Amino acid sequence: MARVRIPIGPQHPALKEPENFTITLDGERVVGADIRIGYTHRGIEKLMESRSYIQNLYLVERICGICSYTHVYNYTHNVEEVLGLKAPPRAEYIRTLFLELERLHSHLLWVGVAGHEIGFDTLFMYTWQDRELVQDLLEMISGNRVNYAMNTVGGVRRDVSEEQRQKVLKAMDVVEKRCKFYQEMATNEKTLLSRAVGVGILKPSDAIRLCAVGPTARASGIDMDIRRDDPYAVYPELKFNVPTTDTCDVMGRVVVRVLELYEIIGMIRQLMQKLPAGDIKVKAPRRVPEGEAISHTEAPRGEDIHYLHADGTDKPERYKVRTPTMANMPSVAKMLEGVYLADVPITLAAIDPCMGCMDRVLVLKDGKEERNVLEWDRLRKYGIRWYAERGWKQ
Amino acid sequence: MNWLLSIIYLVVFPGILFVLGFAFFAEWLDRKVYARVQRRVGPPFLQPLADFIKLSSKEDVVPEKADNAIFTAAPIISLAAILAAFLYVPVVTATALHVFEGDLIVALYLLTIPTLALFLGGWFSGNLFGQSGAMRVASLLFSYEVPFFLALLAPALMAGTWSMSGIVVYLYGNPLAFVVTIGAFFIAVISLQGKLERLPFDIPDAETEIVGGPMSEYSGRRLALFRLARDAEMVVGAGLIAAVFLGGPWCPFISLDPGYIAWAVGAAFFILKTLIVLGLLILMKSAVARIRVDQMVNVAYKYLIPLALAQMLVVVLVKYMGWF
């Protein structure tokens with residue numbers, strides 16, 4: 001049978017965000033996939049250069065609609081490092097609480113989305129209902145469900161009261177019970193197993209070669225987790241395991257995430273029990289001295305890297321973000337090789353893609369991709385000229 | 001007066017109006033139970049009817065690339081075939097409106113037409129998703145149709161007749177015969193789920209893979225008719241299974257007097273049994289994920305067909321031993 005190339009995206013019901021995957025098919029089997037990104041680029045990095053450090057707190061939070069806190073944590077970490085500030089211990093505990101609550105609701109969301117991709121809408125409805133418990137906790141503490149506006153340079157903006165502490169602990173008991181139910185179901189439901197086992201294989205050697213991160217790498221047996229390997233926040237004081245599997249398929253990615261739910265619940269309990277007394281923030285100056293900092297955290301989807309270059313004004317000179325989805329994209333092309341066409345949506349969803357966060361600009365010249373290596377100075381001048389030509393002001 | 005009764009039978013009860021009303025009710029029940037299982041509220045009682053009226057009042061669109069005649073005819077033909085099939089299902093008494101030796105085969109044939117209409121409608125809609133959905137419809141036809149036919153063969157063998165009314169008459173005499181064919185009953189229900197393209201067999205219109213499948217380009221009154229046809233197919237298929245396996249209008253108080261009370265009780269029992277089959281279809285839908293085309297073929301040829309054949313062997317043995 002002749003090979004057929006069919007486009008999935010940029011508009012397709014399996015994709016929650018527009019990207020283009022051109023699939024080469026041999027019958028019903030996928031033999032290759034070309035990925036073209038760039039449909040949801042928002043230019044946040046450039047926008048950050050024209051906003052003050054305080055304004056950027058709110059902009060950087062909007063990089064992602066699900067793991068917003070991990071971005072703002074990275075940002076404040078960078079700014080504090082250049083300033084030479086250190087947030088009080090209570091603030092670091094509350095920050096870590098938010099990082100983990102965010103991971104909890106993100107993983108629950110993912111289990112639901114994965115269920116929806118294979119037509120298991122009952123699972124989708126169940127997990128999203130339980131996710132509301134976590135969302136309610138986040139709203140109770142910060143006042144917001146998605147972009148919490150909780151972090152600030154030098155600490156956090158709101159405290160956790162004793163009553164809220166008890167409520168968090170109580171909610172964890174309920175969530176733990178629900179997680180047991182999901183674990184039971186994910187390992188026993190026949191139709192779910194038949195769609196997940198042996199689908200979307202990513203061998204450990206490929207995972208390393210293609211720089212997979214987070215749960216995607218851990219499902220291929222790569223034992224990596226930034227929280228343990230290069231601890232930040234208060235992770236050195238917490239006890240937790242890093243679950244891995246060696247099945248290398250979609251099922252492995254389900255198992256890794258479901259097992260991680262228990263670790264998260266355990267960590268939140270420890271955080272709530274150890275929560276030290278004291279201030280929640282220190283005063284930070286508006287101007288940031290010249291310097292640069294790099295920070296990486298374990299976002300729900302994997303390693304998230306932020307880089308800051310400060311030039312002594314109240315605005316960053318350059319800010320750079322590499323989200324985990326970007327790192328996992330090359331692995332997707334590998335995973336798609338050999339799956340059935342019907343398995344493309346679930347294979348793609350298995351990395352928990354967040355397209356808007358990772359998108360990059362592609363320059364097309366005469367319909368072809370243009371590759372150019374620019375020195376920093378030239379890039380800067382090019383950028384200034386590009387914006388000036390369009391009447392934008394710095 | 002006989003012709004008047006026949007017209008009432010055809011048009012009102014248990015003919016067209018009854019089937020359509022029951023179809024709307026079945027859709028509501030399906031959506032409501034599905035929603036309650038998922039801890040949602042679900043639609044209000046008249047929602048399916050409201051959807052139908054709203055869709056019917058929408059703009060009439062035929063895509064430029066579509067074949068107008070086939071595109072329009074497909075939903076009408078499928079609804080007509082389903083309504084015709086219901087004439088042979090005994091609802092009120094043991095005999096349907098029209099009875100002849102072999103009406104079971106005709107009804108099964110008529111119930112295959114909606115699938116072909118869906119295939120043609122999707123194929124000639126000029127849409128890539130519609131065409132790949134149509135291909136899936138056609139390739140799945142053999143996976144569920146063969147076990148469905150084989151499963152319905154069991155009660156026919158049991159009763160020794162090809163007529164649905166004949167089978168029901170036999171079940172009136174031997175109510176316990178349904179125990180022998182209980183395996184075939186479940187095979188028939190699972191195959192019917194495939195025939196109706198519902199989870200876990202909703203492969204032709206898997207929304208996350210191929211959008212709406214064959215119905216991608218359908219809108220307005222054509223979509224309304226297609227949806228109504230599918231609901232009616234669900235009711236007629238469930239009614240057919242309720243009749244040949246569970247005895248349709250058979251009830252424990254067979255000698256009710258006067259006649260019209262017996263009719264009313266018979267119809268009530270038929271509806272009750274149909275609801276049981278519908279309940280099985282709905283619960284199956286809410287507890288599973290969608291399987292792939294190749295897995296569906298596996299399920300049909302590795303499990304359903306051998307089991308249906310084993311069931312026939314059981315029936316033949318039971319008949320040979322003279323237990324029924």
# chains A, B, ... in the order shown; residues from 1 in each chain; ligands from 1

$ interface_residues --of "chain B" --to "chain A" --cutoff "9 Å" --atoms "only C-alpha atoms" --output "PyMOL selection string"
chain B and resi 34-35+37-40+199-200+202-203+206-211+286-293+295

$ residues_around --residues "region 138-146 of chain A" --least-positions-apart "5" --cutoff "8 Å" --atoms "only C-alpha atoms" --output "list of chain:residue names"
A:Gly65, A:Ile66, A:Ser68, A:Phe98, A:Leu101, A:Arg158, A:Asp159, A:Val160, A:Gln164

$ write_last_selection --atoms "all heavy atoms" --output "PDB file, in the first residue's frame"
ATOM      1  N   GLY A  65      -1.135  27.798  31.734  1.00  0.00           N
ATOM      2  CA  GLY A  65      -2.414  27.867  32.432  1.00  0.00           C
ATOM      3  C   GLY A  65      -2.575  26.780  33.474  1.00  0.00           C
ATOM      4  O   GLY A  65      -3.557  26.749  34.193  1.00  0.00           O
ATOM      5  N   ILE A  66      -1.635  25.843  33.528  1.00  0.00           N
ATOM      6  CA  ILE A  66      -1.765  24.764  34.504  1.00  0.00           C
ATOM      7  C   ILE A  66      -0.620  24.820  35.502  1.00  0.00           C
ATOM      8  O   ILE A  66      -0.833  24.853  36.699  1.00  0.00           O
ATOM      9  CB  ILE A  66      -1.823  23.393  33.805  1.00  0.00           C
ATOM     10  CG1 ILE A  66      -3.025  23.365  32.870  1.00  0.00           C
ATOM     11  CG2 ILE A  66      -1.957  22.291  34.829  1.00  0.00           C
ATOM     12  CD1 ILE A  66      -3.007  22.220  31.935  1.00  0.00           C
ATOM     13  N   SER A  68       1.378  27.241  36.352  1.00  0.00           N
ATOM     14  CA  SER A  68       1.766  28.650  36.413  1.00  0.00           C
ATOM     15  C   SER A  68       2.754  28.911  37.541  1.00  0.00           C
ATOM     16  O   SER A  68       3.655  29.732  37.418  1.00  0.00           O
ATOM     17  CB  SER A  68       0.524  29.523  36.598  1.00  0.00           C
ATOM     18  OG  SER A  68      -0.145  29.168  37.779  1.00  0.00           O
ATOM     19  N   PHE A  98       2.681  25.198  47.334  1.00  0.00           N
ATOM     20  CA  PHE A  98       2.017  25.532  46.079  1.00  0.00           C
ATOM     21  C   PHE A  98       2.574  24.728  44.919  1.00  0.00           C
ATOM     22  O   PHE A  98       1.834  24.283  44.048  1.00  0.00           O
ATOM     23  CB  PHE A  98       2.120  27.041  45.803  1.00  0.00           C
ATOM     24  CG  PHE A  98       0.934  27.776  46.314  1.00  0.00           C
ATOM     25  CD1 PHE A  98       0.743  27.941  47.673  1.00  0.00           C
ATOM     26  CD2 PHE A  98      -0.022  28.272  45.453  1.00  0.00           C
ATOM     27  CE1 PHE A  98      -0.378  28.582  48.156  1.00  0.00           C
ATOM     28  CE2 PHE A  98      -1.144  28.916  45.921  1.00  0.00           C
ATOM     29  CZ  PHE A  98      -1.319  29.074  47.277  1.00  0.00           C
ATOM     30  N   LEU A 101       0.891  21.293  45.374  1.00  0.00           N
ATOM     31  CA  LEU A 101      -0.555  21.299  45.089  1.00  0.00           C
ATOM     32  C   LEU A 101      -0.787  21.428  43.589  1.00  0.00           C
ATOM     33  O   LEU A 101      -1.668  20.798  43.021  1.00  0.00           O
ATOM     34  CB  LEU A 101      -1.239  22.456  45.825  1.00  0.00           C
ATOM     35  CG  LEU A 101      -1.548  22.252  47.304  1.00  0.00           C
ATOM     36  CD1 LEU A 101      -2.138  23.521  47.887  1.00  0.00           C
ATOM     37  CD2 LEU A 101      -2.504  21.097  47.517  1.00  0.00           C
ATOM     38  N   ARG A 158       0.563  35.917  50.748  1.00  0.00           N
ATOM     39  CA  ARG A 158      -0.473  35.559  51.721  1.00  0.00           C
ATOM     40  C   ARG A 158       0.030  34.451  52.624  1.00  0.00           C
ATOM     41  O   ARG A 158       0.807  33.603  52.200  1.00  0.00           O
ATOM     42  CB  ARG A 158      -1.721  35.051  50.999  1.00  0.00           C
ATOM     43  CG  ARG A 158      -2.498  36.122  50.294  1.00  0.00           C
ATOM     44  CD  ARG A 158      -3.779  35.491  49.850  1.00  0.00           C
ATOM     45  NE  ARG A 158      -4.600  36.421  49.090  1.00  0.00           N
ATOM     46  CZ  ARG A 158      -5.927  36.352  49.080  1.00  0.00           C
ATOM     47  NH1 ARG A 158      -6.544  35.419  49.780  1.00  0.00           N
ATOM     48  NH2 ARG A 158      -6.631  37.201  48.367  1.00  0.00           N
ATOM     49  N   ASP A 159      -0.474  34.453  53.843  1.00  0.00           N
ATOM     50  CA  ASP A 159      -0.050  33.449  54.817  1.00  0.00           C
ATOM     51  C   ASP A 159      -1.055  32.295  54.842  1.00  0.00           C
ATOM     52  O   ASP A 159      -2.184  32.424  54.373  1.00  0.00           O
ATOM     53  CB  ASP A 159       0.040  34.101  56.201  1.00  0.00           C
ATOM     54  CG  ASP A 159       0.977  33.311  57.110  1.00  0.00           C
ATOM     55  OD1 ASP A 159       1.470  32.263  56.651  1.00  0.00           O
ATOM     56  OD2 ASP A 159       1.210  33.752  58.238  1.00  0.00           O
ATOM     57  N   VAL A 160      -0.613  31.169  55.403  1.00  0.00           N
ATOM     58  CA  VAL A 160      -1.505  30.025  55.598  1.00  0.00           C
ATOM     59  C   VAL A 160      -1.902  30.009  57.069  1.00  0.00           C
ATOM     60  O   VAL A 160      -1.042  29.869  57.945  1.00  0.00           O
ATOM     61  CB  VAL A 160      -0.794  28.707  55.218  1.00  0.00           C
ATOM     62  CG1 VAL A 160      -1.698  27.529  55.509  1.00  0.00           C
ATOM     63  CG2 VAL A 160      -0.405  28.716  53.759  1.00  0.00           C
ATOM     64  N   GLN A 164      -6.639  26.883  57.782  1.00  0.00           N
ATOM     65  CA  GLN A 164      -6.375  26.441  56.406  1.00  0.00           C
ATOM     66  C   GLN A 164      -5.461  25.222  56.398  1.00  0.00           C
ATOM     67  O   GLN A 164      -5.623  24.315  55.586  1.00  0.00           O
ATOM     68  CB  GLN A 164      -5.729  27.584  55.609  1.00  0.00           C
ATOM     69  CG  GLN A 164      -6.716  28.696  55.294  1.00  0.00           C
ATOM     70  CD  GLN A 164      -6.052  29.909  54.698  1.00  0.00           C
ATOM     71  OE1 GLN A 164      -4.840  30.093  54.835  1.00  0.00           O
ATOM     72  NE2 GLN A 164      -6.819  30.742  54.044  1.00  0.00           N
TER      73      GLN A 164
END

$ residues_around --residues "region 211-217 of chain A" --least-positions-apart "2" --cutoff "7 Å" --atoms "only C-alpha atoms" --output "list in words"
Ala207, Ile208, Arg209, Ala219, Ser220, Gly221, Ile222, Asp225, Arg253, Val256, Arg257, Arg301, Gly302, Glu303, Pro324, Ala327, Asn328, Ser331 and Ile351 of chain A

$ atom_distance --atom1 "CA of Asp294 (chain B)" --atom2 "CA of Leu223 (chain B)"
28.7 Å

$ select_by_dssp --residues "region 91-229 of chain A" --states "alpha helix (DSSP H)" --output "PyMOL selection string"
chain A and resi 91-117+121-142+162-188+190-196+204-209+214-219+226-229

$ closest_residue --among "B:Gly220, B:Gly42, B:Gly247, B:Gly21" --to "Leu55 (chain B)" --atoms "only C-alpha atoms"
B:Gly220

$ residues_around --residues "region 296-310 of chain B" --least-positions-apart "5" --cutoff "9 Å" --atoms "only C-alpha atoms" --output "PyMOL selection string"
chain B and resi 140+142-144+146-148+150-151+153-154+183-184+187-188+190-191+194+200-201+203+291+315

$ select_by_dssp --residues "region 102-291 of chain A" --states "strand (DSSP E or B)" --output "PDB file with N, CA, C and O atoms, in the first residue's frame"
ATOM      1  N   ASN A 151       3.207  34.513  44.665  1.00  0.00           N
ATOM      2  CA  ASN A 151       4.634  34.740  44.869  1.00  0.00           C
ATOM      3  C   ASN A 151       4.987  36.192  44.638  1.00  0.00           C
ATOM      4  O   ASN A 151       4.377  36.871  43.823  1.00  0.00           O
ATOM      5  N   THR A 152       5.994  36.661  45.368  1.00  0.00           N
ATOM      6  CA  THR A 152       6.526  37.970  45.074  1.00  0.00           C
ATOM      7  C   THR A 152       8.025  37.906  45.344  1.00  0.00           C
ATOM      8  O   THR A 152       8.500  36.946  45.961  1.00  0.00           O
ATOM      9  N   GLY A 155       9.447  36.687  48.968  1.00  0.00           N
ATOM     10  CA  GLY A 155       8.543  35.875  49.797  1.00  0.00           C
ATOM     11  C   GLY A 155       7.233  35.578  49.114  1.00  0.00           C
ATOM     12  O   GLY A 155       7.166  35.522  47.890  1.00  0.00           O
ATOM     13  N   VAL A 156       6.195  35.375  49.935  1.00  0.00           N
ATOM     14  CA  VAL A 156       4.863  35.151  49.379  1.00  0.00           C
ATOM     15  C   VAL A 156       3.929  36.240  49.883  1.00  0.00           C
ATOM     16  O   VAL A 156       4.229  36.925  50.866  1.00  0.00           O
ATOM     17  N   LYS A 281       7.600  37.422  54.175  1.00  0.00           N
ATOM     18  CA  LYS A 281       8.381  38.054  53.106  1.00  0.00           C
ATOM     19  C   LYS A 281       9.370  39.079  53.661  1.00  0.00           C
ATOM     20  O   LYS A 281       9.199  39.577  54.775  1.00  0.00           O
ATOM     21  N   GLY A 291      23.708  41.468  36.589  1.00  0.00           N
ATOM     22  CA  GLY A 291      24.056  40.093  36.927  1.00  0.00           C
ATOM     23  C   GLY A 291      23.189  39.121  36.160  1.00  0.00           C
ATOM     24  O   GLY A 291      22.294  39.522  35.400  1.00  0.00           O
TER      25      GLY A 291
END

$ closest_residue --among "A:Pro88, A:Pro300, A:Gly154, A:Pro289" --to "His105 (chain A)" --atoms "only C-alpha atoms"
A:Pro300

$ residues_around --residues "Thr70 (chain A)" --least-positions-apart "6" --cutoff "9 Å" --atoms "only C-alpha atoms" --output "list in words"
Glu61, Phe98, Leu99, Glu102, Thr297, Glu298, Ala299, Pro300 and Asp304 of chain A

$ write_last_selection --atoms "all heavy atoms" --output "mmCIF file, in the first residue's frame"
data_model
loop_
_atom_site.group_PDB
_atom_site.id
_atom_site.type_symbol
_atom_site.label_atom_id
_atom_site.label_comp_id
_atom_site.auth_asym_id
_atom_site.auth_seq_id
_atom_site.Cartn_x
_atom_site.Cartn_y
_atom_site.Cartn_z
ATOM 1 N N GLU A 61 3.661 34.380 35.209
ATOM 2 C CA GLU A 61 2.701 33.408 35.708
ATOM 3 C C GLU A 61 1.777 32.935 34.590
ATOM 4 O O GLU A 61 1.225 31.842 34.653
ATOM 5 C CB GLU A 61 1.861 34.056 36.815
ATOM 6 C CG GLU A 61 1.100 33.068 37.653
ATOM 7 C CD GLU A 61 0.783 33.638 39.017
ATOM 8 O OE1 GLU A 61 0.450 34.825 39.089
ATOM 9 O OE2 GLU A 61 0.881 32.889 40.002
ATOM 10 N N PHE A 98 2.681 25.198 47.334
ATOM 11 C CA PHE A 98 2.017 25.532 46.079
ATOM 12 C C PHE A 98 2.574 24.728 44.919
ATOM 13 O O PHE A 98 1.834 24.283 44.048
ATOM 14 C CB PHE A 98 2.120 27.041 45.803
ATOM 15 C CG PHE A 98 0.934 27.776 46.314
ATOM 16 C CD1 PHE A 98 0.743 27.941 47.673
ATOM 17 C CD2 PHE A 98 -0.022 28.272 45.453
ATOM 18 C CE1 PHE A 98 -0.378 28.582 48.156
ATOM 19 C CE2 PHE A 98 -1.144 28.916 45.921
ATOM 20 C CZ PHE A 98 -1.319 29.074 47.277
ATOM 21 N N LEU A 99 3.895 24.530 44.915
ATOM 22 C CA LEU A 99 4.487 23.722 43.841
ATOM 23 C C LEU A 99 3.875 22.327 43.831
ATOM 24 O O LEU A 99 3.572 21.772 42.776
ATOM 25 C CB LEU A 99 6.005 23.609 44.043
ATOM 26 C CG LEU A 99 6.819 24.850 43.682
ATOM 27 C CD1 LEU A 99 8.252 24.688 44.175
ATOM 28 C CD2 LEU A 99 6.812 25.085 42.186
ATOM 29 N N GLU A 102 0.068 22.240 42.959
ATOM 30 C CA GLU A 102 -0.062 22.433 41.517
ATOM 31 C C GLU A 102 0.215 21.130 40.769
ATOM 32 O O GLU A 102 -0.500 20.760 39.844
ATOM 33 C CB GLU A 102 0.932 23.507 41.084
ATOM 34 C CG GLU A 102 0.841 23.840 39.640
ATOM 35 C CD GLU A 102 1.749 24.997 39.327
ATOM 36 O OE1 GLU A 102 2.938 24.768 39.063
ATOM 37 O OE2 GLU A 102 1.268 26.123 39.365
ATOM 38 N N THR A 297 13.550 23.923 37.798
ATOM 39 C CA THR A 297 12.700 23.218 38.758
ATOM 40 C C THR A 297 12.065 22.026 38.067
ATOM 41 O O THR A 297 12.049 21.937 36.834
ATOM 42 C CB THR A 297 11.556 24.122 39.259
ATOM 43 O OG1 THR A 297 10.868 24.618 38.124
ATOM 44 C CG2 THR A 297 12.048 25.248 40.114
ATOM 45 N N GLU A 298 11.530 21.129 38.872
ATOM 46 C CA GLU A 298 10.780 20.001 38.327
ATOM 47 C C GLU A 298 9.318 20.426 38.240
ATOM 48 O O GLU A 298 8.584 20.362 39.213
ATOM 49 C CB GLU A 298 10.957 18.780 39.224
ATOM 50 C CG GLU A 298 10.297 17.514 38.720
ATOM 51 C CD GLU A 298 11.033 16.855 37.555
ATOM 52 O OE1 GLU A 298 12.221 17.168 37.350
ATOM 53 O OE2 GLU A 298 10.421 16.044 36.852
ATOM 54 N N ALA A 299 8.900 20.883 37.056
ATOM 55 C CA ALA A 299 7.493 21.215 36.838
ATOM 56 C C ALA A 299 6.724 19.902 36.733
ATOM 57 O O ALA A 299 7.336 18.845 36.603
ATOM 58 C CB ALA A 299 7.368 22.033 35.563
ATOM 59 N N PRO A 300 5.370 19.947 36.794
ATOM 60 C CA PRO A 300 4.619 18.697 36.671
ATOM 61 C C PRO A 300 4.988 17.906 35.413
ATOM 62 O O PRO A 300 4.893 16.691 35.387
ATOM 63 C CB PRO A 300 3.167 19.166 36.614
ATOM 64 C CG PRO A 300 3.163 20.446 37.356
ATOM 65 C CD PRO A 300 4.496 21.077 37.106
ATOM 66 N N ASP A 304 11.982 22.494 34.043
ATOM 67 C CA ASP A 304 11.632 23.821 33.524
ATOM 68 C C ASP A 304 12.811 24.757 33.822
ATOM 69 O O ASP A 304 13.193 24.911 34.981
ATOM 70 C CB ASP A 304 10.357 24.294 34.238
ATOM 71 C CG ASP A 304 9.944 25.688 33.811
ATOM 72 O OD1 ASP A 304 10.289 26.081 32.682
ATOM 73 O OD2 ASP A 304 9.259 26.366 34.602
#

$ residues_around --residues "Tyr9 (chain B)" --least-positions-apart "5" --cutoff "8 Å" --atoms "only C-alpha atoms" --output "NGL selection string"
:B and (14-15 or 97)

$ closest_residue --among "A:Met172, A:Val255, A:Leu59, A:Leu202" --to "Ala333 (chain A)" --atoms "only C-alpha atoms"
A:Leu202

$ closest_residue --among "B:Leu272, B:Ala94, B:Leu20, B:Leu4" --to "Val235 (chain B)" --atoms "only C-alpha atoms"
B:Leu20
